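Text of the file entry_19.cif, holding mmCIF, C-alpha atoms and all ligand atoms:
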```cif
data_data
#
loop_
_atom_site.group_PDB
_atom_site.id
_atom_site.type_symbol
_atom_site.label_atom_id
_atom_site.label_comp_id
_atom_site.auth_asym_id
_atom_site.auth_seq_id
_atom_site.Cartn_x
_atom_site.Cartn_y
_atom_site.Cartn_z
ATOM 1 C CA MET A 191 -27.721 48.547 304.157
ATOM 2 C CA SER A 192 -25.763 51.127 306.142
ATOM 3 C CA THR A 193 -27.671 53.874 304.290
ATOM 4 C CA PHE A 194 -30.935 52.586 305.699
ATOM 5 C CA SER A 195 -29.719 52.275 309.254
ATOM 6 C CA ARG A 196 -28.281 55.820 309.084
ATOM 7 C CA SER A 197 -31.512 57.349 307.792
ATOM 8 C CA ASP A 198 -33.417 55.120 310.209
ATOM 9 C CA ARG A 199 -31.564 56.820 313.073
ATOM 10 C CA ARG A 200 -32.220 60.300 311.644
ATOM 11 C CA VAL A 201 -35.972 59.597 311.453
ATOM 12 C CA SER A 202 -36.120 58.234 315.004
ATOM 13 C CA GLU A 203 -34.458 61.453 316.202
ATOM 14 C CA LEU A 204 -37.225 63.631 314.738
ATOM 15 C CA PRO A 205 -39.720 65.021 317.262
ATOM 16 C CA PRO A 206 -43.174 63.421 317.234
ATOM 17 C CA ALA A 207 -46.000 65.487 315.701
ATOM 18 C CA PRO A 208 -48.617 66.615 318.256
ATOM 19 C CA ALA A 209 -51.461 64.079 318.586
ATOM 20 C CA PHE A 210 -54.910 64.894 317.170
ATOM 21 C CA ARG A 211 -57.507 66.055 319.693
ATOM 22 C CA PRO A 212 -61.227 65.245 320.056
ATOM 23 C CA GLY A 213 -63.374 67.803 318.246
ATOM 24 C CA GLN A 214 -60.462 69.157 316.198
ATOM 25 C CA ARG A 215 -61.338 69.798 312.541
ATOM 26 C CA VAL A 216 -58.732 68.535 310.096
ATOM 27 C CA LEU A 217 -58.899 69.213 306.346
ATOM 28 C CA LEU A 218 -56.602 67.375 303.941
ATOM 29 C CA LEU A 219 -56.221 69.037 300.517
ATOM 30 C CA SER A 220 -55.184 66.413 297.972
ATOM 31 C CA PRO A 221 -54.130 67.374 294.418
ATOM 32 C CA HIS A 222 -55.004 63.921 293.003
ATOM 33 C CA PRO A 223 -56.841 60.832 294.212
ATOM 34 C CA ASP A 224 -54.222 58.729 296.108
ATOM 35 C CA ASP A 225 -52.046 61.584 297.475
ATOM 36 C CA GLU A 226 -54.166 61.739 300.659
ATOM 37 C CA THR A 227 -53.565 58.035 301.362
ATOM 38 C CA LEU A 228 -49.863 58.077 300.448
ATOM 39 C CA CYS A 229 -48.921 61.069 302.597
ATOM 40 C CA CYS A 230 -51.360 60.685 305.404
ATOM 41 C CA GLY A 231 -53.217 57.339 305.466
ATOM 42 C CA GLY A 232 -51.978 56.749 309.027
ATOM 43 C CA MET A 233 -52.663 60.307 310.206
ATOM 44 C CA ILE A 234 -56.219 60.126 308.848
ATOM 45 C CA GLN A 235 -56.854 56.972 310.914
ATOM 46 C CA GLN A 236 -55.278 58.554 314.009
ATOM 47 C CA GLY A 237 -57.397 61.695 313.608
ATOM 48 C CA VAL A 238 -60.598 59.657 313.314
ATOM 49 C CA ALA A 239 -59.611 57.463 316.301
ATOM 50 C CA ALA A 240 -58.892 60.564 318.412
ATOM 51 C CA GLY A 241 -62.385 61.913 317.722
ATOM 52 C CA ALA A 242 -61.293 64.673 315.335
ATOM 53 C CA GLY A 243 -63.445 65.495 312.299
ATOM 54 C CA VAL A 244 -61.350 64.556 309.266
ATOM 55 C CA TYR A 245 -62.277 65.971 305.831
ATOM 56 C CA VAL A 246 -60.670 65.355 302.431
ATOM 57 C CA ALA A 247 -60.933 67.518 299.283
ATOM 58 C CA TRP A 248 -59.467 66.408 295.925
ATOM 59 C CA LEU A 249 -58.658 69.218 293.499
ATOM 60 C CA THR A 250 -58.528 66.962 290.434
ATOM 61 C CA ALA A 251 -59.980 63.576 289.579
ATOM 62 C CA GLY A 252 -56.624 62.366 288.199
ATOM 63 C CA ASP A 253 -57.842 62.243 284.610
ATOM 64 C CA GLY A 254 -54.532 63.148 282.974
ATOM 65 C CA PHE A 255 -52.692 59.884 283.146
ATOM 66 C CA GLU A 256 -52.858 58.699 279.544
ATOM 67 C CA PHE A 257 -50.914 55.469 279.939
ATOM 68 C CA ASP A 258 -53.276 54.565 282.719
ATOM 69 C CA ALA A 259 -56.356 55.267 280.593
ATOM 70 C CA ALA A 260 -54.882 53.107 277.838
ATOM 71 C CA LEU A 261 -54.784 50.130 280.206
ATOM 72 C CA THR A 262 -58.125 50.878 281.836
ATOM 73 C CA GLY A 263 -59.882 51.459 278.519
ATOM 74 C CA ARG A 264 -57.920 48.652 276.827
ATOM 75 C CA THR A 265 -56.787 50.883 274.002
ATOM 76 C CA LEU A 266 -53.342 52.113 273.021
ATOM 77 C CA HIS A 267 -54.601 55.598 272.167
ATOM 78 C CA PRO A 268 -57.049 56.654 274.840
ATOM 79 C CA GLY A 269 -59.594 59.178 273.658
ATOM 80 C CA ALA A 270 -61.253 61.963 275.587
ATOM 81 C CA GLN A 271 -64.064 59.601 276.581
ATOM 82 C CA ASN A 272 -61.591 57.068 278.067
ATOM 83 C CA LEU A 273 -59.905 59.803 280.083
ATOM 84 C CA ARG A 274 -63.241 61.093 281.402
ATOM 85 C CA GLU A 275 -64.102 57.543 282.434
ATOM 86 C CA LEU A 276 -60.716 57.336 284.183
ATOM 87 C CA GLY A 277 -61.605 60.528 286.096
ATOM 88 C CA ASN A 278 -64.834 58.966 287.319
ATOM 89 C CA THR A 279 -63.088 55.682 288.176
ATOM 90 C CA ARG A 280 -60.410 57.451 290.238
ATOM 91 C CA ALA A 281 -63.041 59.573 291.993
ATOM 92 C CA ARG A 282 -64.835 56.364 293.064
ATOM 93 C CA GLU A 283 -61.567 54.753 294.156
ATOM 94 C CA ALA A 284 -60.763 57.855 296.216
ATOM 95 C CA ARG A 285 -64.039 57.735 298.147
ATOM 96 C CA ARG A 286 -63.562 54.008 298.820
ATOM 97 C CA ALA A 287 -59.964 54.530 299.984
ATOM 98 C CA VAL A 288 -60.797 57.208 302.530
ATOM 99 C CA ALA A 289 -63.909 55.306 303.692
ATOM 100 C CA LEU A 290 -61.528 52.464 304.612
ATOM 101 C CA LEU A 291 -59.477 54.979 306.614
ATOM 102 C CA GLY A 292 -62.628 56.093 308.476
ATOM 103 C CA VAL A 293 -63.685 59.234 306.575
ATOM 104 C CA PRO A 294 -67.434 59.300 305.826
ATOM 105 C CA ALA A 295 -68.604 60.286 302.319
ATOM 106 C CA ALA A 296 -70.193 63.439 303.784
ATOM 107 C CA HIS A 297 -66.682 64.593 304.759
ATOM 108 C CA THR A 298 -65.325 64.376 301.194
ATOM 109 C CA PHE A 299 -65.291 66.961 298.396
ATOM 110 C CA MET A 300 -64.403 66.152 294.797
ATOM 111 C CA LEU A 301 -63.604 69.417 293.021
ATOM 112 C CA GLY A 302 -62.771 67.779 289.671
ATOM 113 C CA TYR A 303 -60.469 70.364 288.015
ATOM 114 C CA PRO A 304 -58.092 69.141 285.261
ATOM 115 C CA ASP A 305 -55.179 66.927 286.281
ATOM 116 C CA GLY A 306 -51.818 68.371 285.233
ATOM 117 C CA ALA A 307 -53.195 71.874 284.584
ATOM 118 C CA LEU A 308 -53.423 73.572 287.980
ATOM 119 C CA PHE A 309 -50.523 75.923 287.207
ATOM 120 C CA ARG A 310 -52.285 76.986 283.986
ATOM 121 C CA LEU A 311 -55.438 77.727 285.966
ATOM 122 C CA PHE A 312 -53.497 80.080 288.233
ATOM 123 C CA SER A 313 -51.659 81.790 285.369
ATOM 124 C CA VAL A 314 -53.100 82.053 281.847
ATOM 125 C CA ASN A 315 -56.477 80.467 282.650
ATOM 126 C CA TYR A 316 -57.362 82.317 285.830
ATOM 127 C CA VAL A 317 -60.426 83.898 284.173
ATOM 128 C CA GLN A 318 -60.638 82.358 280.678
ATOM 129 C CA PRO A 319 -61.543 78.658 281.042
ATOM 130 C CA PHE A 320 -58.971 76.055 280.044
ATOM 131 C CA THR A 321 -59.939 73.292 277.608
ATOM 132 C CA SER A 322 -58.177 70.072 278.482
ATOM 133 C CA PRO A 323 -56.602 68.524 275.377
ATOM 134 C CA ARG A 324 -56.943 65.175 277.144
ATOM 135 C CA THR A 325 -60.592 65.072 278.164
ATOM 136 C CA ARG A 326 -61.770 67.807 275.709
ATOM 137 C CA SER A 327 -63.595 69.308 278.695
ATOM 138 C CA SER A 328 -63.586 72.916 279.798
ATOM 139 C CA ALA A 329 -65.837 72.406 282.818
ATOM 140 C CA VAL A 330 -66.149 69.999 285.759
ATOM 141 C CA TYR A 331 -67.722 66.748 284.509
ATOM 142 C CA VAL A 332 -67.000 64.246 287.341
ATOM 143 C CA THR A 333 -70.059 62.661 288.911
ATOM 144 C CA GLY A 334 -70.632 63.891 292.457
ATOM 145 C CA ALA A 335 -68.437 67.013 292.067
ATOM 146 C CA LEU A 336 -68.819 69.900 294.516
ATOM 147 C CA THR A 337 -69.805 72.336 291.709
ATOM 148 C CA PRO A 338 -70.898 70.412 288.604
ATOM 149 C CA LYS A 339 -70.121 72.256 285.334
ATOM 150 C CA ALA A 340 -67.880 74.824 287.064
ATOM 151 C CA PRO A 341 -65.545 76.245 284.393
ATOM 152 C CA PHE A 342 -61.921 75.094 284.408
ATOM 153 C CA SER A 343 -60.609 78.470 285.624
ATOM 154 C CA GLY A 344 -58.446 79.500 288.553
ATOM 155 C CA GLN A 345 -61.229 81.765 289.736
ATOM 156 C CA ALA A 346 -63.743 78.901 289.894
ATOM 157 C CA LEU A 347 -61.300 76.567 291.665
ATOM 158 C CA GLU A 348 -60.454 79.262 294.184
ATOM 159 C CA ALA A 349 -64.173 79.865 294.848
ATOM 160 C CA ASP A 350 -64.666 76.105 295.421
ATOM 161 C CA LEU A 351 -61.748 75.952 297.853
ATOM 162 C CA ARG A 352 -63.082 78.951 299.786
ATOM 163 C CA ARG A 353 -66.429 77.149 299.973
ATOM 164 C CA VAL A 354 -64.748 74.041 301.387
ATOM 165 C CA LEU A 355 -62.876 76.154 303.985
ATOM 166 C CA ASP A 356 -66.121 77.938 304.958
ATOM 167 C CA ARG A 357 -67.948 74.639 305.399
ATOM 168 C CA VAL A 358 -65.224 72.759 307.270
ATOM 169 C CA GLN A 359 -63.816 75.669 309.354
ATOM 170 C CA PRO A 360 -60.603 73.660 309.795
ATOM 171 C CA ASP A 361 -58.250 73.933 312.763
ATOM 172 C CA LEU A 362 -55.572 72.165 310.692
ATOM 173 C CA VAL A 363 -55.085 72.057 306.913
ATOM 174 C CA LEU A 364 -52.722 69.416 305.479
ATOM 175 C CA VAL A 365 -51.244 70.420 302.084
ATOM 176 C CA PRO A 366 -48.234 69.550 299.893
ATOM 177 C CA ALA A 367 -44.974 71.309 300.777
ATOM 178 C CA PRO A 368 -43.673 73.770 298.150
ATOM 179 C CA GLN A 369 -40.655 71.474 297.617
ATOM 180 C CA ASP A 370 -42.933 68.699 296.233
ATOM 181 C CA PHE A 371 -41.856 68.697 292.576
ATOM 182 C CA HIS A 372 -45.208 67.853 290.940
ATOM 183 C CA PRO A 373 -46.520 71.184 289.551
ATOM 184 C CA ASP A 374 -50.126 70.419 290.607
ATOM 185 C CA HIS A 375 -48.809 69.824 294.134
ATOM 186 C CA HIS A 376 -46.814 73.037 294.590
ATOM 187 C CA THR A 377 -49.472 75.109 292.821
ATOM 188 C CA LEU A 378 -51.861 73.900 295.517
ATOM 189 C CA THR A 379 -49.294 74.921 298.165
ATOM 190 C CA TYR A 380 -49.214 78.538 296.932
ATOM 191 C CA LEU A 381 -52.992 78.705 296.688
ATOM 192 C CA ALA A 382 -53.499 77.263 300.184
ATOM 193 C CA LEU A 383 -50.901 79.650 301.649
ATOM 194 C CA ARG A 384 -52.725 82.612 300.097
ATOM 195 C CA LEU A 385 -56.256 81.501 301.063
ATOM 196 C CA MET A 386 -55.258 80.728 304.655
ATOM 197 C CA ALA A 387 -53.298 83.993 304.955
ATOM 198 C CA ASP A 388 -56.432 85.857 303.753
ATOM 199 C CA ARG A 389 -58.231 84.322 306.742
ATOM 200 C CA GLY A 390 -55.326 85.134 309.074
ATOM 201 C CA GLN A 391 -54.877 81.373 309.614
ATOM 202 C CA GLU A 392 -51.662 80.439 307.842
ATOM 203 C CA ASP A 393 -50.396 78.962 311.135
ATOM 204 C CA ARG A 394 -53.002 76.191 310.704
ATOM 205 C CA LEU A 395 -51.203 74.772 307.659
ATOM 206 C CA ARG A 396 -49.120 71.597 307.877
ATOM 207 C CA PHE A 397 -47.038 70.262 304.984
ATOM 208 C CA TRP A 398 -46.339 66.833 303.474
ATOM 209 C CA VAL A 399 -44.461 65.548 300.411
ATOM 210 C CA VAL A 400 -45.281 62.788 297.909
ATOM 211 C CA HIS A 401 -42.844 63.638 295.080
ATOM 212 C CA GLY A 402 -39.678 64.117 297.101
ATOM 213 C CA GLY A 403 -36.923 63.697 294.495
ATOM 214 C CA LEU A 404 -34.157 61.135 293.818
ATOM 215 C CA GLU A 405 -36.618 58.244 293.468
ATOM 216 C CA TRP A 406 -37.788 58.791 297.055
ATOM 217 C CA PRO A 407 -39.043 56.798 298.849
ATOM 218 C CA VAL A 408 -36.463 54.069 298.315
ATOM 219 C CA PRO A 409 -36.481 51.143 298.201
ATOM 220 C CA LYS A 410 -39.655 50.805 296.110
ATOM 221 C CA GLY A 411 -42.297 48.232 296.936
ATOM 222 C CA LEU A 412 -43.839 47.159 300.226
ATOM 223 C CA HIS A 413 -41.366 47.417 303.141
ATOM 224 C CA PRO A 414 -43.551 47.986 306.197
ATOM 225 C CA GLU A 415 -40.625 47.386 308.569
ATOM 226 C CA LEU A 416 -38.644 50.408 307.246
ATOM 227 C CA PRO A 417 -39.045 54.039 308.303
ATOM 228 C CA LEU A 418 -40.128 56.695 305.812
ATOM 229 C CA THR A 419 -36.994 58.793 305.483
ATOM 230 C CA VAL A 420 -36.912 62.548 304.954
ATOM 231 C CA PRO A 421 -37.529 63.469 301.266
ATOM 232 C CA PRO A 422 -34.282 64.722 299.637
ATOM 233 C CA ARG A 423 -35.883 67.825 298.079
ATOM 234 C CA ALA A 424 -37.311 68.913 301.423
ATOM 235 C CA ARG A 425 -34.507 67.771 303.712
ATOM 236 C CA ALA A 426 -34.234 71.140 305.503
ATOM 237 C CA LEU A 427 -37.874 71.370 306.639
ATOM 238 C CA PRO A 428 -38.495 71.010 310.387
ATOM 239 C CA TRP A 429 -40.035 67.536 310.001
ATOM 240 C CA GLN A 430 -42.070 65.823 312.678
ATOM 241 C CA ARG A 431 -42.672 62.083 312.852
ATOM 242 C CA VAL A 432 -46.018 60.303 313.029
ATOM 243 C CA ASP A 433 -45.566 56.662 314.081
ATOM 244 C CA LEU A 434 -48.084 54.122 312.774
ATOM 245 C CA THR A 435 -49.208 50.947 314.522
ATOM 246 C CA ALA A 436 -48.999 47.655 312.587
ATOM 247 C CA GLN A 437 -52.788 47.765 312.325
ATOM 248 C CA GLN A 438 -52.745 51.281 310.878
ATOM 249 C CA GLN A 439 -50.077 50.233 308.377
ATOM 250 C CA ALA A 440 -52.160 47.229 307.295
ATOM 251 C CA ARG A 441 -55.191 49.451 306.793
ATOM 252 C CA LYS A 442 -53.120 52.002 304.876
ATOM 253 C CA VAL A 443 -51.862 49.454 302.350
ATOM 254 C CA GLN A 444 -55.433 48.224 301.935
ATOM 255 C CA ALA A 445 -56.449 51.814 301.096
ATOM 256 C CA ILE A 446 -53.524 52.120 298.642
ATOM 257 C CA ASP A 447 -54.645 48.910 296.928
ATOM 258 C CA THR A 448 -58.118 50.409 296.469
ATOM 259 C CA TYR A 449 -56.538 52.508 293.702
ATOM 260 C CA ARG A 450 -56.543 49.613 291.254
ATOM 261 C CA SER A 451 -56.251 51.947 288.251
ATOM 262 C CA GLN A 452 -52.932 53.158 289.738
ATOM 263 C CA THR A 453 -51.424 50.104 291.441
ATOM 264 C CA ARG A 454 -51.427 48.161 288.161
ATOM 265 C CA ILE A 455 -48.873 50.606 286.749
ATOM 266 C CA MET A 456 -47.004 52.123 289.672
ATOM 267 C CA GLY A 457 -47.838 49.841 292.560
ATOM 268 C CA ARG A 458 -44.219 49.682 293.713
ATOM 269 C CA PHE A 459 -44.072 53.486 294.082
ATOM 270 C CA LEU A 460 -47.424 53.666 295.888
ATOM 271 C CA ARG A 461 -46.756 50.781 298.288
ATOM 272 C CA ALA A 462 -43.370 52.303 299.207
ATOM 273 C CA PHE A 463 -45.366 54.820 301.287
ATOM 274 C CA ASP A 464 -46.592 52.109 303.666
ATOM 275 C CA ARG A 465 -43.820 52.602 306.215
ATOM 276 C CA ARG A 466 -43.490 52.700 310.011
ATOM 277 C CA ASN A 467 -43.992 56.453 310.051
ATOM 278 C CA GLU A 468 -45.330 59.409 308.104
ATOM 279 C CA LEU A 469 -43.845 62.917 308.069
ATOM 280 C CA LEU A 470 -45.400 66.336 308.581
ATOM 281 C CA SER A 471 -43.805 69.791 308.704
ATOM 282 C CA PRO A 472 -45.307 72.747 310.595
ATOM 283 C CA ALA A 473 -43.505 75.140 308.196
ATOM 284 C CA ALA A 474 -43.413 75.502 304.401
ATOM 285 C CA LEU A 475 -39.801 76.665 304.326
ATOM 286 C CA PRO A 476 -36.649 75.931 306.299
ATOM 287 C CA PRO A 477 -35.654 78.566 308.872
ATOM 288 C CA LEU A 478 -33.662 81.467 307.363
ATOM 289 C CA SER A 479 -29.970 81.447 308.051
ATOM 290 C CA ALA A 480 -27.401 84.110 307.142
ATOM 291 C CA PRO A 481 -25.318 83.226 304.062
ATOM 292 C CA ALA A 482 -21.721 82.292 304.915
ATOM 293 C CA SER A 483 -20.322 84.453 302.117
ATOM 294 C CA PRO A 484 -21.761 86.490 299.228
ATOM 295 C CA SER A 485 -22.802 84.221 296.387
ATOM 296 C CA PRO A 486 -20.705 84.992 293.268
ATOM 297 C CA ALA A 487 -23.704 84.132 291.076
ATOM 298 C CA LEU A 488 -25.682 86.974 292.637
ATOM 299 C CA ALA A 489 -22.893 89.603 292.689
ATOM 300 C CA HIS A 490 -23.122 92.473 290.211
HETATM 301 ZN ZN ZN B 501 -50.499 63.895 293.119
#
```

Once you've parsed the file, please lay out its structure as structure tokens.
Ligand SMILES: [Zn+2]
Amino acid sequence: MSTFSRSDRRVSELPPAPAFRPGQRVLLLSPHPDDETLCCGGMIQQGVAAGAGVYVAWLTAGDGFEFDAALTGRTLHPGAQNLRELGNTRAREARRAVALLGVPAAHTFMLGYPDGALFRLFSVNYVQPFTSPRTRSSAVYVTGALTPKAPFSGQALEADLRRVLDRVQPDLVLVPAPQDFHPDHHTLTYLALRLMADRGQEDRLRFWVVHGGLEWPVPKGLHPELPLTVPPRARALPWQRVDLTAQQQARKVQAIDTYRSQTRIMGRFLRAFDRRNELLSPAALPPLSAPASPSPALAH
């Protein structure tokens, strides 16, 4: 009880994030279908309401969740076909979720690279395509993908992301923070930092967290009256607060519930993101401070 009121106070002391402006172009890069709604379902609605152009790109179709495919396909041992069907199901859910939040289909991009393998694509499979042991695919298969049949390589994914940036010409790009512990999430962080730095636009990046450590956000389940506290793994980031209206919160949970393939299994985790506020950081890392004393672990 006292824990919540303490963190409640900390959140209310955070500065508010700057409001979206008419004509501003906002691109949200989402590793998996559902991340965009969890981190930013309220911000997306506020951007649309302010007259900004809001765009969403999903890097993967979320086809790596085997337990999920077992339930969806009603089999205990989902095969490659079940997992490909799951990819298409989640891609459809994603478009429906963001449509509810006000993003038109023409503002969405499904890239369709393999769930759970983004780090491989940017290491051993940068050039040589990766074959997913789950879907038995080595190329983009999701219906409605930006580049159908693109090979599962880092090079191809990078080319797709550059294409999205060229088309959208974003003023703001919302990406996972490097502290987000899901490897697909922080791999996207590094890629986005590099691509935006290449364009001399790294100051347009803003950072969010979905996998924040220590079971965050707690408590699980739907608690719309509570604030979203600062994620433990990214406590030191210069967080800003985005307050949601009751109406925006209601719409956000509706968008979360669109992900029926996910809410059946981890609904209590997903609904825990429907809180009074969302969080955004203008920096990927905490400010540097001088070490108090030399670290013995680093001394030679
Ligand atoms: Zn994710």

*Select, counting all atoms listed in the file, all protein, DNA and RNA residues no farther than 12 Å from (-61.3, 71.3, 277.8) in file coordinates, and express the selection as an NGL selection string.*
:A and (253-254 or 270 or 273-274 or 303-305 or 307 or 311 or 315 or 318-331 or 339-343)

_Close residues to ligand ZN 501 (chain B) using only C-alpha atoms and all ligand atoms, limit 6 Å, as a ChimeraX atom specification_ = /A:221-222,225

Convert the current residue selection to file output with C-alpha atoms, as a short mmCIF file (atom, residue, chain, number, x, y, z; two decimals), keeping the file's coordinate frame.
```cif
data_model
loop_
_atom_site.label_atom_id
_atom_site.label_comp_id
_atom_site.auth_asym_id
_atom_site.auth_seq_id
_atom_site.Cartn_x
_atom_site.Cartn_y
_atom_site.Cartn_z
CA PRO A 221 -54.13 67.37 294.42
CA HIS A 222 -55.00 63.92 293.00
CA ASP A 225 -52.05 61.58 297.48
#
```

*Any chance you could work out the residue set of the PyMOL selection byres (((chain A and resi 449-463) around 8) and not hetatm) here, as an MDAnalysis selection string?*
chainID A and resid 224 228:229 258 262 279:280 283:284 287 407:413 418 443 445:448 464:465

_Picked residues, the PyMOL selection byres (((chain A and resi 430) around 9) and not hetatm), as a list of chain:residue names_ = A:Val201, A:Leu204, A:Pro205, A:Pro206, A:Ala207, A:Pro208, A:Pro428, A:Trp429, A:Arg431, A:Val432, A:Glu468, A:Leu469, A:Leu470, A:Ser471, A:Pro472

*Rounded to one decimal in Å, what is the spacing between atom CA of A:Met233 and atom CA of A:Gln369?*
20.7 Å

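Between A:Thr419 and the residues A:Leu378, A:Arg353, A:Asn467, A:Gly241, the shortest atom-to-atom distance, using only C-alpha atoms, involves A:Asn467.
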
_Need the shell around A:Arg396: protein/DNA/RNA residues with any atom at most 12 Å away, counting only C-alpha atoms. Skip same-chain ones fewer than 4 positions apart. Format as a ChimeraX atom specification?_
/A:207-208,216-219,229-230,360-368,379,382-383,386,391-392,427-430,469-475
